[in-house]
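Peer 1: Just so it is clear, I am handing over my_file_12.cif, which has mmCIF, C-alpha atoms and all ligand atoms.
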```cif
data_data
#
loop_
_atom_site.group_PDB
_atom_site.id
_atom_site.type_symbol
_atom_site.label_atom_id
_atom_site.label_comp_id
_atom_site.auth_asym_id
_atom_site.auth_seq_id
_atom_site.Cartn_x
_atom_site.Cartn_y
_atom_site.Cartn_z
ATOM 1 C CA MET R 187 -12.671 -43.762 -191.489
ATOM 2 C CA SER R 188 -10.031 -41.602 -189.857
ATOM 3 C CA THR R 189 -6.298 -42.220 -190.023
ATOM 4 C CA THR R 190 -6.269 -42.891 -186.327
ATOM 5 C CA ALA R 191 -8.865 -45.618 -186.675
ATOM 6 C CA PHE R 192 -6.896 -47.233 -189.539
ATOM 7 C CA ARG R 193 -3.730 -47.105 -187.496
ATOM 8 C CA ARG R 194 -5.454 -48.714 -184.559
ATOM 9 C CA ILE R 195 -6.666 -51.607 -186.726
ATOM 10 C CA ALA R 196 -3.170 -52.061 -188.194
ATOM 11 C CA GLU R 197 -1.640 -52.100 -184.739
ATOM 12 C CA GLN R 198 -4.086 -54.733 -183.604
ATOM 13 C CA ARG R 199 -3.169 -56.941 -186.586
ATOM 14 C CA GLU R 200 0.529 -56.620 -185.881
ATOM 15 C CA ALA R 201 0.294 -57.305 -182.184
ATOM 16 C CA PRO R 202 1.702 -60.749 -181.323
ATOM 17 C CA PRO R 203 -0.755 -63.283 -179.922
ATOM 18 C CA GLU R 204 -1.369 -62.481 -176.302
ATOM 19 C CA LYS R 205 0.637 -64.713 -173.981
ATOM 20 C CA ASP R 206 -1.080 -66.082 -170.911
ATOM 21 C CA PRO R 207 0.620 -64.133 -168.118
ATOM 22 C CA THR R 208 -0.270 -66.761 -165.536
ATOM 23 C CA ARG R 209 1.764 -69.386 -167.388
ATOM 24 C CA CYS R 210 5.498 -69.942 -166.906
ATOM 25 C CA ALA R 211 7.683 -68.481 -169.665
ATOM 26 C CA ALA R 212 9.626 -71.739 -170.101
ATOM 27 C CA TYR R 213 8.574 -73.641 -173.218
ATOM 28 C CA GLY R 214 6.234 -76.522 -172.411
ATOM 29 C CA CYS R 215 5.977 -75.728 -168.705
ATOM 30 C CA LYS R 216 2.468 -76.157 -167.337
ATOM 31 C CA CYS R 217 3.181 -74.520 -163.988
ATOM 32 C CA ARG R 218 1.711 -71.245 -162.885
ATOM 33 C CA SER R 219 4.140 -68.369 -163.020
ATOM 34 C CA SER R 220 4.896 -66.739 -159.700
ATOM 35 C CA VAL R 221 8.202 -64.916 -160.169
ATOM 36 C CA ASN R 222 8.727 -61.825 -162.320
ATOM 37 C CA LEU R 223 11.844 -62.217 -164.463
ATOM 38 C CA GLY R 224 11.833 -58.541 -165.329
ATOM 39 C CA GLY R 225 11.580 -57.910 -169.083
ATOM 40 C CA SER R 226 11.320 -61.566 -170.094
ATOM 41 C CA GLY R 227 8.024 -62.283 -168.452
ATOM 42 C CA TRP R 228 7.127 -64.487 -165.556
ATOM 43 C CA ALA R 229 8.275 -67.961 -164.597
ATOM 44 C CA CYS R 230 7.322 -70.673 -162.146
ATOM 45 C CA PHE R 231 9.155 -71.497 -158.899
ATOM 46 C CA ALA R 232 11.327 -74.071 -160.673
ATOM 47 C CA HIS R 233 12.393 -72.138 -163.776
ATOM 48 C CA ALA R 234 12.725 -68.648 -162.337
ATOM 49 C CA PHE R 235 16.012 -69.142 -160.494
ATOM 50 C CA ALA R 236 17.744 -71.498 -162.931
ATOM 51 C CA GLN R 237 20.003 -70.768 -165.902
ATOM 52 C CA SER R 238 18.020 -70.882 -169.136
ATOM 53 C CA ASP R 239 20.136 -73.776 -170.504
ATOM 54 C CA GLN R 240 18.696 -75.802 -167.617
ATOM 55 C CA TRP R 241 15.117 -74.975 -168.544
ATOM 56 C CA PRO R 242 14.349 -77.976 -170.812
ATOM 57 C CA SER R 243 15.599 -80.502 -168.263
ATOM 58 C CA ILE R 244 13.623 -78.738 -165.518
ATOM 59 C CA THR R 245 10.502 -78.926 -167.693
ATOM 60 C CA ARG R 246 11.042 -82.689 -168.075
ATOM 61 C CA GLY R 247 11.628 -82.988 -164.318
ATOM 62 C CA LEU R 248 8.386 -81.172 -163.562
ATOM 63 C CA GLU R 249 6.551 -83.468 -165.975
ATOM 64 C CA SER R 250 7.898 -86.605 -164.325
ATOM 65 C CA HIS R 251 7.037 -85.225 -160.892
ATOM 66 C CA ASP R 252 3.509 -84.140 -161.712
ATOM 67 C CA TRP R 253 2.385 -86.440 -158.883
ATOM 68 C CA LEU R 254 4.290 -84.252 -156.402
ATOM 69 C CA LEU R 255 2.751 -81.091 -157.866
ATOM 70 C CA GLY R 256 -0.569 -82.920 -157.535
ATOM 71 C CA LEU R 257 0.091 -83.523 -153.851
ATOM 72 C CA VAL R 258 0.795 -79.813 -153.306
ATOM 73 C CA ALA R 259 -2.380 -78.839 -155.175
ATOM 74 C CA GLU R 260 -4.437 -81.328 -153.157
ATOM 75 C CA VAL R 261 -3.002 -80.182 -149.799
ATOM 76 C CA ARG R 262 -3.774 -76.541 -150.703
ATOM 77 C CA ASN R 263 -7.267 -77.522 -151.758
ATOM 78 C CA LEU R 264 -7.991 -79.537 -148.609
ATOM 79 C CA GLU R 265 -6.614 -76.782 -146.371
ATOM 80 C CA ARG R 266 -8.689 -74.129 -148.138
ATOM 81 C CA ASN R 267 -11.816 -76.186 -147.567
ATOM 82 C CA GLY R 268 -11.043 -76.871 -143.931
ATOM 83 C CA LYS R 269 -10.414 -80.566 -144.564
ATOM 84 C CA ALA R 270 -7.785 -82.860 -143.050
ATOM 85 C CA TRP R 271 -4.776 -82.098 -145.271
ATOM 86 C CA ARG R 272 -2.270 -83.374 -142.696
ATOM 87 C CA GLU R 273 -3.796 -86.847 -142.528
ATOM 88 C CA PHE R 274 -3.897 -86.944 -146.317
ATOM 89 C CA ALA R 275 -0.202 -86.009 -146.585
ATOM 90 C CA MET R 276 0.756 -88.458 -143.831
ATOM 91 C CA ARG R 277 -0.936 -91.301 -145.692
ATOM 92 C CA PHE R 278 0.501 -90.155 -149.012
ATOM 93 C CA TRP R 279 4.093 -90.799 -147.872
ATOM 94 C CA GLU R 280 3.468 -93.626 -145.416
ATOM 95 C CA GLN R 281 4.725 -96.379 -147.708
ATOM 96 C CA SER R 282 7.547 -94.405 -149.334
ATOM 97 C CA ASP R 283 9.422 -91.413 -147.939
ATOM 98 C CA ARG R 284 8.409 -90.587 -144.372
ATOM 99 C CA ARG R 285 10.864 -87.681 -144.364
ATOM 100 C CA CYS R 286 8.342 -85.921 -146.596
ATOM 101 C CA GLN R 287 5.467 -86.287 -144.147
ATOM 102 C CA PRO R 288 4.384 -83.051 -142.492
ATOM 103 C CA HIS R 289 6.011 -82.224 -139.152
ATOM 104 C CA PRO R 290 3.424 -81.936 -136.324
ATOM 105 C CA ALA R 291 4.206 -78.206 -135.968
ATOM 106 C CA GLU R 292 4.332 -77.510 -139.731
ATOM 107 C CA SER R 293 1.328 -75.738 -141.220
ATOM 108 C CA ALA R 294 0.001 -76.216 -144.741
ATOM 109 C CA GLY R 295 1.671 -73.196 -146.410
ATOM 110 C CA PRO R 296 5.235 -73.950 -145.287
ATOM 111 C CA TYR R 297 4.638 -77.651 -145.957
ATOM 112 C CA CYS R 298 3.646 -76.953 -149.577
ATOM 113 C CA ASP R 299 6.707 -74.712 -149.985
ATOM 114 C CA ARG R 300 8.882 -77.524 -148.640
ATOM 115 C CA MET R 301 7.360 -80.009 -151.084
ATOM 116 C CA LEU R 302 8.213 -77.669 -153.984
ATOM 117 C CA LEU R 303 11.806 -77.482 -152.698
ATOM 118 C CA GLU R 304 11.727 -81.271 -152.371
ATOM 119 C CA LEU R 305 10.806 -81.428 -156.060
ATOM 120 C CA LEU R 306 13.782 -79.197 -156.935
ATOM 121 C CA TYR R 307 15.985 -81.508 -154.855
ATOM 122 C CA ARG R 308 14.650 -84.581 -156.647
ATOM 123 C CA ILE R 309 15.319 -83.109 -160.092
ATOM 124 C CA GLY R 310 18.849 -82.052 -159.136
ATOM 125 C CA GLN R 311 18.199 -78.300 -158.883
ATOM 126 C CA ARG R 312 18.936 -78.185 -155.176
ATOM 127 C CA LYS R 313 21.859 -79.728 -153.301
ATOM 128 C CA SER R 314 20.172 -80.775 -150.080
ATOM 129 C CA ALA R 315 16.794 -82.119 -149.095
ATOM 130 C CA PRO R 316 14.747 -79.373 -147.438
ATOM 131 C CA SER R 317 13.823 -79.761 -143.778
ATOM 132 C CA PRO R 318 10.555 -78.637 -142.184
ATOM 133 C CA ARG R 319 10.342 -74.974 -141.275
ATOM 134 C CA ILE R 320 8.700 -74.951 -137.864
ATOM 135 C CA PRO R 321 8.019 -72.038 -135.513
ATOM 136 C CA LYS R 322 10.682 -71.529 -132.821
ATOM 137 C CA PRO R 323 9.473 -72.157 -129.259
ATOM 138 C CA VAL R 324 8.710 -68.893 -127.494
ATOM 139 C CA LYS R 325 11.031 -68.261 -124.549
ATOM 140 C CA PRO R 326 9.023 -67.563 -121.393
ATOM 141 C CA SER R 327 9.599 -64.123 -119.951
ATOM 142 C CA GLY R 328 8.545 -62.159 -116.877
ATOM 143 C CA ARG R 329 6.258 -63.943 -114.446
ATOM 144 C CA PHE R 330 6.071 -67.028 -116.658
ATOM 145 C CA ALA R 331 9.850 -67.393 -116.707
ATOM 146 C CA ARG R 332 10.050 -67.263 -112.890
ATOM 147 C CA GLU R 333 7.269 -69.829 -112.594
ATOM 148 C CA SER R 334 8.921 -72.165 -115.055
ATOM 149 C CA LEU R 335 12.233 -71.877 -113.149
ATOM 150 C CA ASN R 336 10.563 -72.718 -109.888
ATOM 151 C CA PRO R 337 7.654 -75.042 -110.617
ATOM 152 C CA MET R 338 7.569 -76.577 -107.115
ATOM 153 C CA LYS R 339 6.801 -73.264 -105.452
ATOM 154 C CA GLU R 340 3.581 -73.063 -107.477
ATOM 155 C CA ALA R 341 2.490 -76.509 -106.363
ATOM 156 C CA ALA R 342 3.273 -75.956 -102.678
HETATM 157 ZN ZN ZN J 401 8.145 -73.308 -165.327
#
```
What's the structure tokens form of this structure?
Ligand SMILES: [Zn+2]

Peer 2:
Amino acid sequence: MSTTAFRRIAEQREAPPEKDPTRCAAYGCKCRSSVNLGGSGWACFAHAFAQSDQWPSITRGLESHDWLLGLVAEVRNLERNGKAWREFAMRFWEQSDRRCQPHPAESAGPYCDRMLLELLYRIGQRKSAPSPRIPKPVKPSGRFARESLNPMKEAA
């Protein structure tokens, strides 16, 4: 066997066990990583922007709010399969926190993002409760603007 081959085997033995790159770098966190920390791996939405001394308490917060992560996963799943995610989310909060129900103009992606921010708010990692991000109404322009200023003319 050549030296190169020996060296390759030795290197393989020394290599640390491969870390799952899709998992958050915070110890015990079961969330998927989505943010590159640069150098120290990847972390989930909750751990990535917090000081590392906060990490253990965030991990506990995520564990106690697994039901909220479950809601987000279910909404994404229903939406992907063309099913009624909005009705599901409306019913989910009906008896508890109606503020967390989807806004009529809120689509599934922004709603899921809001629910993750809601989780951060509930575990004390965010000062204020997030509000729905809804598209701004489009201002009519040109012919449509004139018609909307003078609706009676159209009817006459
Ligand atoms: Zn995490």

Peer 1: Identify which of the residues R:Leu255, R:Ala211, R:Ala294, R:Met301 lies closest to Ser226 (chain R), counting all atoms listed in the file when measuring atom-to-atom distances.

Peer 2: R:Ala211

Peer 1: Which of these residues is nearest to ligand ZN 401 (chain J), using all atoms listed in the file: R:Cys230, R:Val261, R:Cys298, R:Val221?

Peer 2: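 Closest residue, counting all atoms listed in the file: R:Cys230.
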
Peer 1: For the structure provided, state which residues fall under the PyMOL selection byres (((not hetatm)) within 7 of (chain J and resi 401)), and present them as a PDB file with C-alpha atoms, in the frame of the given file.

Peer 2:
```pdb
ATOM      1  CA  CYS R 210       5.498 -69.942-166.906  1.00  0.00           C
ATOM      2  CA  ALA R 211       7.683 -68.481-169.665  1.00  0.00           C
ATOM      3  CA  ALA R 212       9.626 -71.739-170.101  1.00  0.00           C
ATOM      4  CA  CYS R 215       5.977 -75.728-168.705  1.00  0.00           C
ATOM      5  CA  LYS R 216       2.468 -76.157-167.337  1.00  0.00           C
ATOM      6  CA  CYS R 217       3.181 -74.520-163.988  1.00  0.00           C
ATOM      7  CA  SER R 219       4.140 -68.369-163.020  1.00  0.00           C
ATOM      8  CA  ALA R 229       8.275 -67.961-164.597  1.00  0.00           C
ATOM      9  CA  CYS R 230       7.322 -70.673-162.146  1.00  0.00           C
ATOM     10  CA  PHE R 231       9.155 -71.497-158.899  1.00  0.00           C
ATOM     11  CA  ALA R 232      11.327 -74.071-160.673  1.00  0.00           C
ATOM     12  CA  HIS R 233      12.393 -72.138-163.776  1.00  0.00           C
ATOM     13  CA  THR R 245      10.502 -78.926-167.693  1.00  0.00           C
TER      14      THR R 245
END
```

Peer 1: Pick the closest to Ala291 (chain R) from R:Arg308, R:Arg277, R:Arg272, R:His251: which is it, counting all atoms listed in the file?

Peer 2: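 That would be R:Arg272, the residue with the smallest distance to Ala291 (chain R).
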
Peer 1: Expressed in Å to a single decimal, how great is the separation between CA of Cys286 (chain R) and CA of Pro242 (chain R)?

Peer 2: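 Rounded to one decimal, the two atoms are 26.2 Å apart.
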
Peer 1: Restricting the calculation to all atoms listed in the file, which member of R:Ile309, R:Ala259, R:Ala191, R:Ala315 is positioned closest to Gln240 (chain R)?

Peer 2: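 Ranking R:Ile309, R:Ala259, R:Ala191, R:Ala315 by distance to Gln240 (chain R), first place goes to R:Ile309.
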
Peer 1: Expressed in Å to a single decimal, how great is the separation between CA of Leu257 (chain R) and CA of Tyr213 (chain R)?

Peer 2: 23.3 Å

Peer 1: For this structure, which residues satisfy the selection - the PyMOL selection byres (((chain R and resi 208) around 8) and not hetatm) - when it is evaluated on the file as given? I want them as a list in words.

Peer 2: Asp206, Pro207, Arg209, Cys210, Arg218, Ser219, Ser220 and Trp228 of chain R

Peer 1: So how far away is CA of Glu249 (chain R) from CA of Leu306 (chain R), in Å?

Peer 2: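 Interatomic distance here is 12.3 Å.
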
Peer 1: For this structure, which residues satisfy the selection - the PyMOL selection byres (((chain R and resi 310) around 12) and not hetatm) - when it is evaluated on the file as given? I want them as a list of chain:residue names.

Peer 2: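 This file, filtered by the PyMOL selection byres (((chain R and resi 310) around 12) and not hetatm), leaves R:Ala232, R:Ala236, R:Gln240, R:Ser243, R:Ile244, R:Arg246, R:Gly247, R:Leu248, R:Leu303, R:Glu304, R:Leu305, R:Leu306, R:Tyr307, R:Arg308, R:Ile309, R:Gln311, R:Arg312, R:Lys313, R:Ser314, R:Ala315.
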
Peer 1: Just the residues within 10 Å of Glu273 (chain R), please, counting all atoms listed in the file, with nothing from its chain fewer than 5 positions along; format it as a PDB file with C-alpha atoms, keeping the file's coordinate frame.

Peer 2:
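Below is the file around_27.pdb, written as the result:
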```pdb
ATOM      1  CA  VAL R 261      -3.002 -80.182-149.799  1.00  0.00           C
ATOM      2  CA  PHE R 278       0.501 -90.155-149.012  1.00  0.00           C
ATOM      3  CA  GLN R 287       5.467 -86.287-144.147  1.00  0.00           C
ATOM      4  CA  PRO R 288       4.384 -83.051-142.492  1.00  0.00           C
TER       5      PRO R 288
END
```

Peer 1: Calculated over all atoms listed in the file, which of the candidates R:Lys269, R:Leu223, R:Met276, R:Pro321 has the smallest distance to Ser293 (chain R)?

Peer 2: R:Pro321
